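One file, input_21.txt, carrying compact mmCIF, C-alpha atoms:
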```txt
# COMPACT_ATOMS: atom_id res chain seq x y z
CA MET A 635 -1.07 -36.40 -4.91
CA LEU A 636 -3.67 -36.85 -2.20
CA MET A 637 -1.03 -37.88 0.32
CA THR A 638 0.97 -34.74 -0.46
CA SER A 639 -2.12 -32.64 0.15
CA VAL A 640 -2.69 -34.45 3.44
CA ASP A 641 0.86 -33.61 4.53
CA ARG A 642 0.35 -29.92 3.73
CA TYR A 643 -3.05 -29.83 5.44
CA LEU A 644 -1.67 -31.38 8.64
CA SER A 645 1.39 -29.12 8.61
CA ILE A 646 -0.66 -25.91 8.35
CA ARG A 647 -3.16 -26.91 11.03
CA ARG A 648 -0.38 -27.95 13.40
CA LEU A 649 1.22 -24.54 13.02
CA VAL A 650 -1.83 -23.06 14.78
CA GLY A 651 -1.76 -25.55 17.65
CA PHE A 652 -3.65 -28.69 16.61
CA GLN A 653 -2.02 -32.05 17.32
CA LEU A 654 -4.19 -34.12 14.98
CA LYS A 655 -2.82 -37.57 15.82
CA ALA A 656 -6.10 -39.36 15.13
CA VAL A 657 -6.88 -37.08 12.17
CA GLU A 658 -3.53 -37.92 10.59
CA PHE A 659 -4.20 -41.65 10.93
CA TYR A 660 -7.64 -41.36 9.32
CA LEU A 661 -6.61 -39.03 6.50
CA ARG A 662 -3.64 -41.19 5.52
CA ASP A 663 -5.89 -44.22 5.55
CA PHE A 664 -8.42 -42.39 3.36
CA ALA A 665 -5.70 -41.19 0.97
CA GLY A 666 -4.45 -44.77 0.62
CA PHE A 667 -7.99 -46.02 0.05
CA ALA A 668 -8.62 -43.40 -2.67
CA SER A 669 -5.23 -43.94 -4.32
CA ALA A 670 -5.95 -47.66 -4.56
CA ARG A 671 -8.91 -46.66 -6.73
CA GLY A 672 -6.65 -44.59 -8.92
CA GLU A 673 -8.02 -41.26 -7.66
CA THR A 674 -5.93 -38.11 -7.15
CA HIS A 675 -8.71 -35.87 -5.81
CA VAL A 676 -11.41 -36.15 -3.16
CA VAL A 677 -14.43 -37.95 -4.64
CA SER A 678 -17.66 -37.92 -2.63
CA LYS A 679 -18.59 -41.53 -3.33
CA THR A 680 -15.14 -42.75 -2.33
CA ALA A 681 -15.25 -40.68 0.85
CA ILE A 682 -18.65 -42.18 1.73
CA ASP A 683 -17.45 -45.71 0.96
CA TRP A 684 -14.40 -45.18 3.16
CA ALA A 685 -16.40 -43.62 6.00
CA SER A 686 -18.83 -46.55 5.84
CA LYS A 687 -16.04 -48.81 7.06
CA GLY A 688 -16.59 -47.36 10.54
CA THR A 689 -17.94 -49.84 13.08
CA SER A 690 -20.61 -47.50 14.48
CA GLU A 691 -22.80 -44.65 13.25
CA ALA A 692 -20.84 -42.16 15.35
CA GLN A 693 -17.52 -43.41 13.98
CA ARG A 694 -18.81 -43.21 10.40
CA HIS A 695 -19.93 -39.64 11.07
CA ASN A 696 -16.53 -38.76 12.51
CA ARG A 697 -14.62 -40.33 9.61
CA LEU A 698 -16.68 -38.47 7.01
CA SER A 699 -16.42 -35.18 8.93
CA ILE A 700 -12.62 -35.43 8.89
CA VAL A 701 -12.62 -35.88 5.11
CA ILE A 702 -15.08 -33.01 4.63
CA ARG A 703 -12.84 -30.56 6.53
CA PHE A 704 -9.89 -31.74 4.45
CA ALA A 705 -11.92 -31.43 1.23
CA TYR A 706 -12.81 -27.79 1.96
CA PHE A 707 -9.13 -27.07 2.44
CA VAL A 708 -7.90 -28.62 -0.81
CA ARG A 709 -10.87 -27.42 -2.86
CA ALA A 710 -9.90 -23.81 -2.10
CA GLU A 711 -7.00 -24.29 -4.53
CA ASP A 712 -8.39 -26.99 -6.80
CA PRO A 713 -12.14 -27.11 -7.55
CA ARG A 714 -11.82 -30.67 -8.87
CA HIS A 715 -12.02 -31.85 -5.24
CA GLN A 716 -15.60 -32.72 -4.29
CA ILE A 717 -17.24 -31.87 -0.95
CA PRO A 718 -19.07 -34.93 0.47
CA PRO A 719 -22.53 -34.40 2.04
CA GLU A 720 -22.31 -33.47 5.71
CA TYR A 721 -25.33 -35.14 7.31
CA LEU A 722 -25.25 -38.57 5.73
CA PHE A 723 -24.39 -40.23 9.07
CA CYS A 724 -25.83 -39.22 12.44
CA ASN A 725 -23.55 -38.28 15.29
CA GLN A 726 -25.02 -40.25 18.18
CA ARG A 727 -21.87 -40.49 20.27
CA GLN A 728 -22.44 -39.71 23.93
CA ARG A 729 -19.71 -38.95 26.39
CA PRO A 730 -19.55 -41.68 29.05
CA THR A 731 -20.79 -40.72 32.49
CA PRO A 732 -17.70 -40.15 34.64
CA TYR A 733 -17.11 -41.96 37.90
CA ILE A 734 -16.85 -39.44 40.73
CA PHE A 735 -14.43 -40.56 43.41
CA SER A 736 -15.34 -39.74 47.00
CA ASP A 737 -12.72 -38.11 49.22
CA GLN A 738 -12.43 -41.36 51.15
CA GLU A 739 -11.84 -43.36 47.96
CA ILE A 740 -9.07 -40.99 46.91
CA GLN A 741 -7.44 -41.40 50.32
CA HIS A 742 -7.62 -45.20 49.94
CA LEU A 743 -6.21 -44.93 46.42
CA ILE A 744 -3.19 -42.92 47.57
CA ALA A 745 -2.64 -45.19 50.57
CA SER A 746 -2.67 -48.26 48.30
CA ALA A 747 -0.20 -46.61 45.92
CA GLN A 748 2.15 -46.04 48.84
CA LYS A 749 2.29 -49.82 49.34
CA LEU A 750 3.55 -50.54 45.83
CA GLY A 751 6.81 -52.41 45.46
CA PRO A 752 9.62 -53.04 45.07
CA SER A 753 10.58 -51.96 48.56
CA GLY A 754 13.18 -49.22 48.75
CA THR A 755 12.40 -47.80 45.29
CA LEU A 756 10.86 -44.51 44.21
CA ARG A 757 7.83 -46.27 42.69
CA PRO A 758 5.37 -46.05 45.63
CA TYR A 759 6.15 -42.36 46.10
CA THR A 760 5.87 -41.70 42.37
CA TYR A 761 2.39 -43.12 42.01
CA SER A 762 0.97 -41.87 45.30
CA ILE A 763 2.00 -38.30 44.41
CA LEU A 764 0.96 -38.69 40.77
CA PHE A 765 -2.54 -39.90 41.64
CA GLY A 766 -2.78 -37.31 44.40
CA LEU A 767 -1.90 -34.47 42.00
CA LEU A 768 -4.44 -35.66 39.44
CA ALA A 769 -7.14 -35.65 42.11
CA THR A 770 -6.24 -32.29 43.68
CA THR A 771 -5.39 -30.27 40.57
CA GLY A 772 -7.58 -31.77 37.85
CA MET A 773 -4.73 -31.77 35.34
CA ARG A 774 -4.73 -34.17 32.42
CA VAL A 775 -2.81 -37.43 32.77
CA SER A 776 -0.63 -36.46 29.80
CA GLU A 777 0.16 -33.13 31.47
CA ALA A 778 1.25 -34.81 34.71
CA ARG A 779 3.40 -37.31 32.82
CA SER A 780 5.06 -34.49 30.88
CA LEU A 781 5.92 -32.40 33.94
CA LYS A 782 9.62 -31.74 34.36
CA ILE A 783 11.41 -30.90 37.58
CA ASN A 784 11.90 -27.30 36.41
CA ASP A 785 8.12 -26.98 35.98
CA VAL A 786 7.76 -27.03 39.77
CA THR A 787 7.97 -23.36 40.76
CA VAL A 788 7.22 -21.35 43.89
CA ASP A 789 3.99 -20.20 42.22
CA GLY A 790 2.80 -23.69 41.30
CA LEU A 791 3.10 -26.18 38.45
CA VAL A 792 3.78 -24.86 34.96
CA ILE A 793 1.89 -26.79 32.29
CA ARG A 794 3.73 -26.13 29.05
CA GLU A 795 2.07 -26.32 25.62
CA SER A 796 -0.40 -29.01 26.51
CA LYS A 797 -3.54 -29.73 24.50
CA PHE A 798 -4.18 -27.01 21.88
CA LYS A 799 -0.61 -25.72 22.57
CA LYS A 800 -1.83 -23.81 25.62
CA SER A 801 0.32 -23.19 28.69
CA ARG A 802 -0.96 -22.36 32.15
CA LEU A 803 0.00 -22.22 35.83
CA ILE A 804 -1.63 -24.51 38.40
CA PRO A 805 -1.38 -23.26 42.01
CA LEU A 806 -1.09 -25.87 44.75
CA HIS A 807 -2.66 -26.16 48.19
CA GLU A 808 -0.27 -26.06 51.15
CA THR A 809 -0.83 -29.74 51.97
CA THR A 810 -0.12 -30.68 48.35
CA TRP A 811 3.10 -28.67 48.49
CA LEU A 812 4.25 -30.58 51.56
CA ALA A 813 3.67 -33.95 49.89
CA LEU A 814 5.30 -32.80 46.63
CA ASN A 815 8.37 -31.43 48.43
CA ASP A 816 8.80 -34.74 50.22
CA TYR A 817 8.65 -36.51 46.86
CA LEU A 818 11.17 -34.08 45.34
CA THR A 819 13.65 -34.85 48.10
CA ARG A 820 13.44 -38.53 47.19
CA ARG A 821 13.44 -37.80 43.44
CA PHE A 822 16.73 -35.88 43.69
CA GLN A 823 18.34 -38.88 45.34
CA VAL A 824 17.77 -40.95 42.20
CA SER A 825 20.71 -40.98 39.81
CA CYS A 826 18.93 -40.16 36.59
CA HIS A 827 19.53 -37.80 33.65
CA ASP A 828 15.88 -37.67 32.62
CA PRO A 829 14.39 -34.25 33.53
CA HIS A 830 10.82 -35.49 34.04
CA LEU A 831 9.29 -35.18 37.49
CA PHE A 832 7.81 -38.68 37.39
CA ILE A 833 10.03 -41.45 36.08
CA SER A 834 9.82 -45.20 35.64
CA ARG A 835 12.06 -47.74 37.33
CA ARG A 836 14.26 -47.54 34.23
CA GLY A 837 14.72 -43.83 34.75
CA SER A 838 12.60 -42.59 31.82
CA LYS A 839 9.31 -40.76 31.36
CA LEU A 840 6.28 -42.76 32.47
CA SER A 841 4.24 -44.25 29.65
CA HIS A 842 0.47 -43.89 29.62
CA THR A 843 0.05 -47.65 29.35
CA ILE A 844 2.11 -48.38 32.46
CA VAL A 845 0.41 -45.61 34.45
CA SER A 846 -3.04 -46.94 33.48
CA GLU A 847 -2.13 -50.52 34.37
CA THR A 848 -0.72 -49.43 37.73
CA PHE A 849 -3.84 -47.37 38.40
CA ARG A 850 -6.07 -50.40 37.84
CA LYS A 851 -3.96 -52.53 40.18
CA VAL A 852 -3.94 -49.87 42.89
CA MET A 853 -7.69 -49.32 42.53
CA GLN A 854 -8.31 -53.04 42.91
CA SER A 855 -6.07 -53.15 45.97
CA ALA A 856 -7.99 -50.19 47.42
CA GLY A 857 -11.29 -52.02 46.92
CA ILE A 858 -12.70 -49.41 44.54
CA HIS A 859 -15.15 -50.75 41.97
CA GLY A 860 -17.56 -49.15 39.58
CA LYS A 861 -21.30 -49.30 39.98
CA PRO A 862 -22.99 -52.53 38.81
CA GLY A 863 -23.71 -52.36 35.10
CA HIS A 864 -21.35 -49.41 34.57
CA ARG A 865 -17.81 -49.21 33.25
CA GLN A 866 -14.94 -49.33 35.70
CA PRO A 867 -13.49 -46.03 36.96
CA ARG A 868 -10.81 -44.66 34.66
CA LEU A 869 -7.68 -42.66 35.34
CA MET A 870 -9.21 -39.57 33.73
CA ASP A 871 -12.10 -39.78 36.22
CA LEU A 872 -9.79 -38.20 38.79
CA ARG A 873 -9.86 -35.07 36.63
CA HIS A 874 -13.64 -35.31 36.28
CA SER A 875 -13.98 -35.71 40.05
CA PHE A 876 -11.98 -32.53 40.63
CA ALA A 877 -14.16 -30.53 38.24
CA VAL A 878 -17.45 -31.77 39.69
CA LYS A 879 -16.37 -31.14 43.29
CA SER A 880 -15.18 -27.69 42.31
CA LEU A 881 -18.63 -26.86 40.96
CA LEU A 882 -20.30 -28.27 44.07
CA MET A 883 -18.22 -25.97 46.26
CA CYS A 884 -19.43 -22.96 44.30
CA THR A 885 -22.27 -21.18 46.06
CA GLY A 886 -24.11 -17.98 45.34
CA THR A 887 -26.05 -16.53 42.44
CA ARG A 888 -26.24 -17.86 38.89
CA ASP A 889 -23.83 -15.10 37.81
CA HIS A 890 -21.36 -16.29 40.43
CA ILE A 891 -21.63 -19.88 39.18
CA SER A 892 -21.20 -18.74 35.57
CA ARG A 893 -18.03 -16.85 36.45
CA HIS A 894 -16.81 -19.87 38.38
CA ILE A 895 -17.33 -22.14 35.37
CA LEU A 896 -15.44 -19.70 33.14
CA ALA A 897 -12.54 -19.63 35.61
CA LEU A 898 -12.63 -23.43 35.89
CA SER A 899 -12.55 -23.72 32.09
CA THR A 900 -9.38 -21.62 31.98
CA TYR A 901 -7.83 -23.48 34.91
CA MET A 902 -8.41 -26.89 33.33
CA GLY A 903 -7.12 -25.81 29.94
CA HIS A 904 -10.37 -26.25 28.02
CA ALA A 905 -10.43 -24.71 24.55
CA LYS A 906 -14.19 -24.07 24.77
CA VAL A 907 -16.30 -23.35 27.82
CA HIS A 908 -18.99 -25.84 26.74
CA SER A 909 -16.48 -28.58 27.57
CA THR A 910 -16.71 -27.40 31.18
CA PHE A 911 -20.51 -27.14 31.17
CA TRP A 912 -20.58 -30.89 30.46
CA TYR A 913 -19.60 -31.48 34.09
CA LEU A 914 -22.97 -30.10 35.18
CA GLU A 915 -24.47 -33.38 33.96
CA SER A 916 -22.57 -35.17 36.72
CA THR A 917 -23.53 -32.62 39.36
CA PRO A 918 -27.18 -33.44 40.15
CA GLU A 919 -27.25 -31.02 43.09
CA LEU A 920 -26.53 -28.09 40.78
CA MET A 921 -28.87 -29.40 38.10
CA VAL A 922 -31.71 -29.51 40.64
CA ASP A 923 -30.86 -25.97 41.76
CA ILE A 924 -30.87 -24.75 38.15
CA ALA A 925 -34.24 -26.45 37.55
CA HIS A 926 -35.74 -24.79 40.65
CA LYS A 927 -34.48 -21.37 39.57
CA CYS A 928 -35.99 -21.88 36.11
CA GLU A 929 -39.34 -22.89 37.61
CA ARG A 930 -39.37 -19.83 39.88
CA PHE A 931 -38.52 -17.60 36.92
CA ILE A 932 -41.22 -19.09 34.68
CA TYR A 933 -44.01 -19.51 37.21
CA GLY A 934 -43.11 -17.09 39.96
CA GLY A 935 -41.32 -14.31 38.14
CA ALA A 936 -38.31 -14.55 40.44
CA SER A 937 -34.70 -14.97 39.24
```

Take the structure in this file and express it as structure tokens.
Amino acid sequence: MLMTSVDRYLSIRRLVGFQLKAVEFYLRDFAGFASARGETHVVSKTAIDWASKGTSEAQRHNRLSIVIRFAYFVRAEDPRHQIPPEYLFCNQRQRPTPYIFSDQEIQHLIASAQKLGPSGTLRPYTYSILFGLLATTGMRVSEARSLKINDVTVDGLVIRESKFKKSRLIPLHETTWLALNDYLTRRFQVSCHDPHLFISRRGSKLSHTIVSETFRKVMQSAGIHGKPGHRQPRLMDLRHSFAVKSLLMCTGTRDHISRHILALSTYMGHAKVHSTFWYLESTPELMVDIAHKCERFIYGGAS
């Protein structure tokens, strides 16, 4: 019975745009855990016991929160479902500080990708353009991997139903167009029925695992390493680097910066603008400027 309710819950939420891959995994695991106890409804103690299996406080909080949202849904039709307490576990998860690539590092990264083998294949062109697009457009890795040849238009790249089922258009700089057109010429020479813009040596859509592994190899070849004591740069840090540099290029009044952040949020496909404000934490120059403006407002009366 619980598993049936999980199926209906996931189906309804997906109709409004949620993907819920991780949520589905957790809810099915919870439903199995509860069913093993002979339960057909959400029981608070069972939900807490299941959530307690998390390996960290933040994970336990996340697991319980998922069950609570599900419990509210099923309780609307059947009051026998219990609502577990919300603040039993603390959410102490912090987003990792992104690695911001310098322009020179990105150039080295692309140059190293161009040296990939095997010689005479599309592979070096695929990864040099892929990494270049991630750095110059700020799109998600999944969005770049899902691009199809028909998504390349005269107006830019069409991102179709990405995260949160949102579609958008990404304009390209003239230099990016030149590099992409050169890649397209080579891509059309490959005998392949797969419509994706970036393909593997087998002629299929690139997998995230292979792209990540190739990125690490290229980064090592380019001599790019993280700061001592910090995690190594990740593929998604190319997107973070784009966002931070975009904010740094924004000059003017606070209103101008606010409008710029709103536009950047739309451009990057964020569902909520606070996801974009997070990048301010990695932009110390802007944080210092904001602090100075606040001090002048508080102590000097100026805005």

List every residue of segment 656-750 of chain A that has an atom at most 9 Å from any atom of segment 858-879 of chain A, giving for each one its closest atom pair and the distance in Å to one decimal, counting all atoms listed in the file, sorted by chain and then by ascending residue number, as a tab-separated table.
```
residue	atom	partner	partner_atom	distance
A:Pro730	CA	A:Arg865	CA	8.8
A:Thr731	CA	A:His864	CA	9.0
A:Pro732	CA	A:Asp871	CA	5.8
A:Tyr733	CA	A:Pro867	CA	5.5
A:Ile734	CA	A:Ser875	CA	4.8
A:Phe735	CA	A:Ser875	CA	5.9
A:Ser736	CA	A:Ser875	CA	8.1
A:Glu739	CA	A:Ile858	CA	7.0
A:Ile740	CA	A:Leu872	CA	8.6
A:His742	CA	A:Ile858	CA	8.5
A:Leu743	CA	A:Ile858	CA	8.1
```

| Atom-to-atom span, atom CA of Ala656 of chain A and atom CA of Leu831 of chain A, Å | 27.5 Å

Find the residues of segment 714-807 of chain A that sit at most 9 Å from segment 815-822 of chain A; for each, write down the nearest two atoms and how far apart they are in Å, to one decimal. Count only C-alpha atoms. Sort by chain, then by number going up, and give it as JSON lines.
```
{"residue": "A:Leu756", "atom": "CA", "partner": "A:Arg820", "partner_atom": "CA", "distance": 7.2}
{"residue": "A:Tyr759", "atom": "CA", "partner": "A:Tyr817", "partner_atom": "CA", "distance": 6.4}
{"residue": "A:Thr760", "atom": "CA", "partner": "A:Tyr817", "partner_atom": "CA", "distance": 7.4}
{"residue": "A:Ile763", "atom": "CA", "partner": "A:Tyr817", "partner_atom": "CA", "distance": 7.3}
{"residue": "A:Ile783", "atom": "CA", "partner": "A:Leu818", "partner_atom": "CA", "distance": 8.4}
```

Atoms to include: C-alpha atoms. Write the selected residues as a PDB file, in the coordinates of the input.
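selection28.pdb was written with the following content:
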```
ATOM      1  CA  LEU A 756      10.860 -44.510  44.210  1.00  0.00           C
ATOM      2  CA  TYR A 759       6.150 -42.360  46.100  1.00  0.00           C
ATOM      3  CA  THR A 760       5.870 -41.700  42.370  1.00  0.00           C
ATOM      4  CA  ILE A 763       2.000 -38.300  44.410  1.00  0.00           C
ATOM      5  CA  ILE A 783      11.410 -30.900  37.580  1.00  0.00           C
TER       6      ILE A 783
END
```

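Put simply, atom CA of Arg694 of chain A is 6.5 Å away from atom CA of Phe723 of chain A.
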
| Residue nearest His807 of chain A - candidates A:Gly766, A:Pro713, A:Gly837, A:Gly666, atoms counted: all atoms listed in the file | A:Gly766

| query | Any idea what's packed within 9 Å of Val677 of chain A, counting only C-alpha atoms, ignoring anything in its chain fewer than 3 positions away? Could you give it as a PyMOL selection string? | reply | chain A and resi 668+673-674+680-682+714-718

| request: Could you check which of A:His842, A:Lys655, A:Tyr721, A:Leu644 is closest to Arg774 of chain A, using all atoms listed in the file? | output: A:His842

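You will find atom CA of Leu764 of chain A at 7.2 Å from atom CA of Ala778 of chain A.
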
N, CA and C atoms for segment 849-861 of chain A, written as a short mmCIF file (atom, residue, chain, number, x, y, z; two decimals), keeping the file's coordinate frame, could you do that?
```cif
data_model
loop_
_atom_site.label_atom_id
_atom_site.label_comp_id
_atom_site.auth_asym_id
_atom_site.auth_seq_id
_atom_site.Cartn_x
_atom_site.Cartn_y
_atom_site.Cartn_z
N PHE A 849 -2.64 -47.94 37.82
CA PHE A 849 -3.84 -47.37 38.40
C PHE A 849 -4.89 -48.45 38.66
N ARG A 850 -5.08 -49.33 37.69
CA ARG A 850 -6.07 -50.40 37.84
C ARG A 850 -5.69 -51.35 38.99
N LYS A 851 -4.41 -51.66 39.10
CA LYS A 851 -3.96 -52.53 40.18
C LYS A 851 -4.15 -51.87 41.54
N VAL A 852 -3.81 -50.60 41.63
CA VAL A 852 -3.94 -49.87 42.89
C VAL A 852 -5.41 -49.73 43.26
N MET A 853 -6.26 -49.47 42.27
CA MET A 853 -7.69 -49.32 42.53
C MET A 853 -8.28 -50.63 43.04
N GLN A 854 -7.84 -51.74 42.45
CA GLN A 854 -8.31 -53.04 42.91
C GLN A 854 -7.85 -53.31 44.32
N SER A 855 -6.61 -52.96 44.62
CA SER A 855 -6.07 -53.15 45.97
C SER A 855 -6.81 -52.28 46.99
N ALA A 856 -7.27 -51.10 46.53
CA ALA A 856 -7.99 -50.19 47.42
C ALA A 856 -9.46 -50.57 47.58
N GLY A 857 -9.90 -51.58 46.81
CA GLY A 857 -11.29 -52.02 46.92
C GLY A 857 -12.27 -51.08 46.27
N ILE A 858 -11.82 -50.36 45.24
CA ILE A 858 -12.70 -49.41 44.54
C ILE A 858 -13.22 -50.06 43.27
N HIS A 859 -14.54 -50.12 43.14
CA HIS A 859 -15.15 -50.75 41.97
C HIS A 859 -16.25 -49.84 41.44
N GLY A 860 -16.49 -49.94 40.17
CA GLY A 860 -17.56 -49.15 39.58
C GLY A 860 -18.93 -49.66 39.99
N LYS A 861 -19.93 -48.89 39.67
CA LYS A 861 -21.30 -49.30 39.98
C LYS A 861 -21.70 -50.47 39.09
#
```
